[in-house]
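Working notes for the structure below.
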Amino acid sequence: MSKTNDTTTPAATDIAKSLLHTFQDLGMFASPDVRPDTIELSPGVTAAFYVRELPDAEFRKLWADGDRARLIAATICDADGNAIMSVDDAARLKPPVAAKFQDVALKHAGFGEKAAAAAEQAGNA
């Protein structure tokens, strides 16, 4: 009797490993590295800082809570990834400054017009 089904199917673990490697290669996981960014505080005055990318579970919790101060405190950091503002500090920011920091946090999370522009500039759009 001849075999009619000689094709080898990859084991589920091989597929999972391949998918995991693909996700890693494409940068689908939150990076442990921090990235520099800036906001303009007033014409000609710019603040430089670093941004920590949040993993999905942490980002969703902060976003669901709707607490912009917690989002800012969790993402805006120094070059070593340490928070530069407590939640209380971030809560005391003036609304326009807090909105700029929120835009930066969303951009680095991959949301909003700035994220789309950054992806397009990097050739990922």
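Identifiers for the structure tokens are assigned positionally: chains receive A, B, ... in sequence, residues are indexed from 1 per chain, and ligands are indexed from 1 in the order shown.
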Write out as an NGL selection string which residues come within 12 Å of Leu93 of chain A when counting only C-alpha atoms, dropping same-chain ones fewer than 4 positions away. :A and (41 or 68-69 or 72-73 or 85-89 or 97-102)
Could you please determine the separation between atom CA of Val45 of chain A and atom CA of Val104 of chain A in Å, to one decimal place?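 Taking atom CA of Val45 of chain A and atom CA of Val104 of chain A, their separation equals 16.8 Å.
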Query raised in the report: When distances are computed from only C-alpha atoms, which of A:Leu26, A:Val34, A:Ile84, A:Ile76 shows the smallest separation from Ala105 of chain A?
Result: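 Checking each candidate against Ala105 of chain A, we get A:Ile76 as the closest.
Minimum atom-to-atom distances from A:Thr46, A:Ser18, A:Thr38, A:Asn82 to Asp103 of chain A were compared using only C-alpha atoms, and the lowest value belongs to A:Thr38.
The residue that comes closest to Leu106 of chain A, out of A:Asp33, A:Glu40, A:Glu53, A:Asp67 and on the basis of only C-alpha atoms, is A:Glu53.
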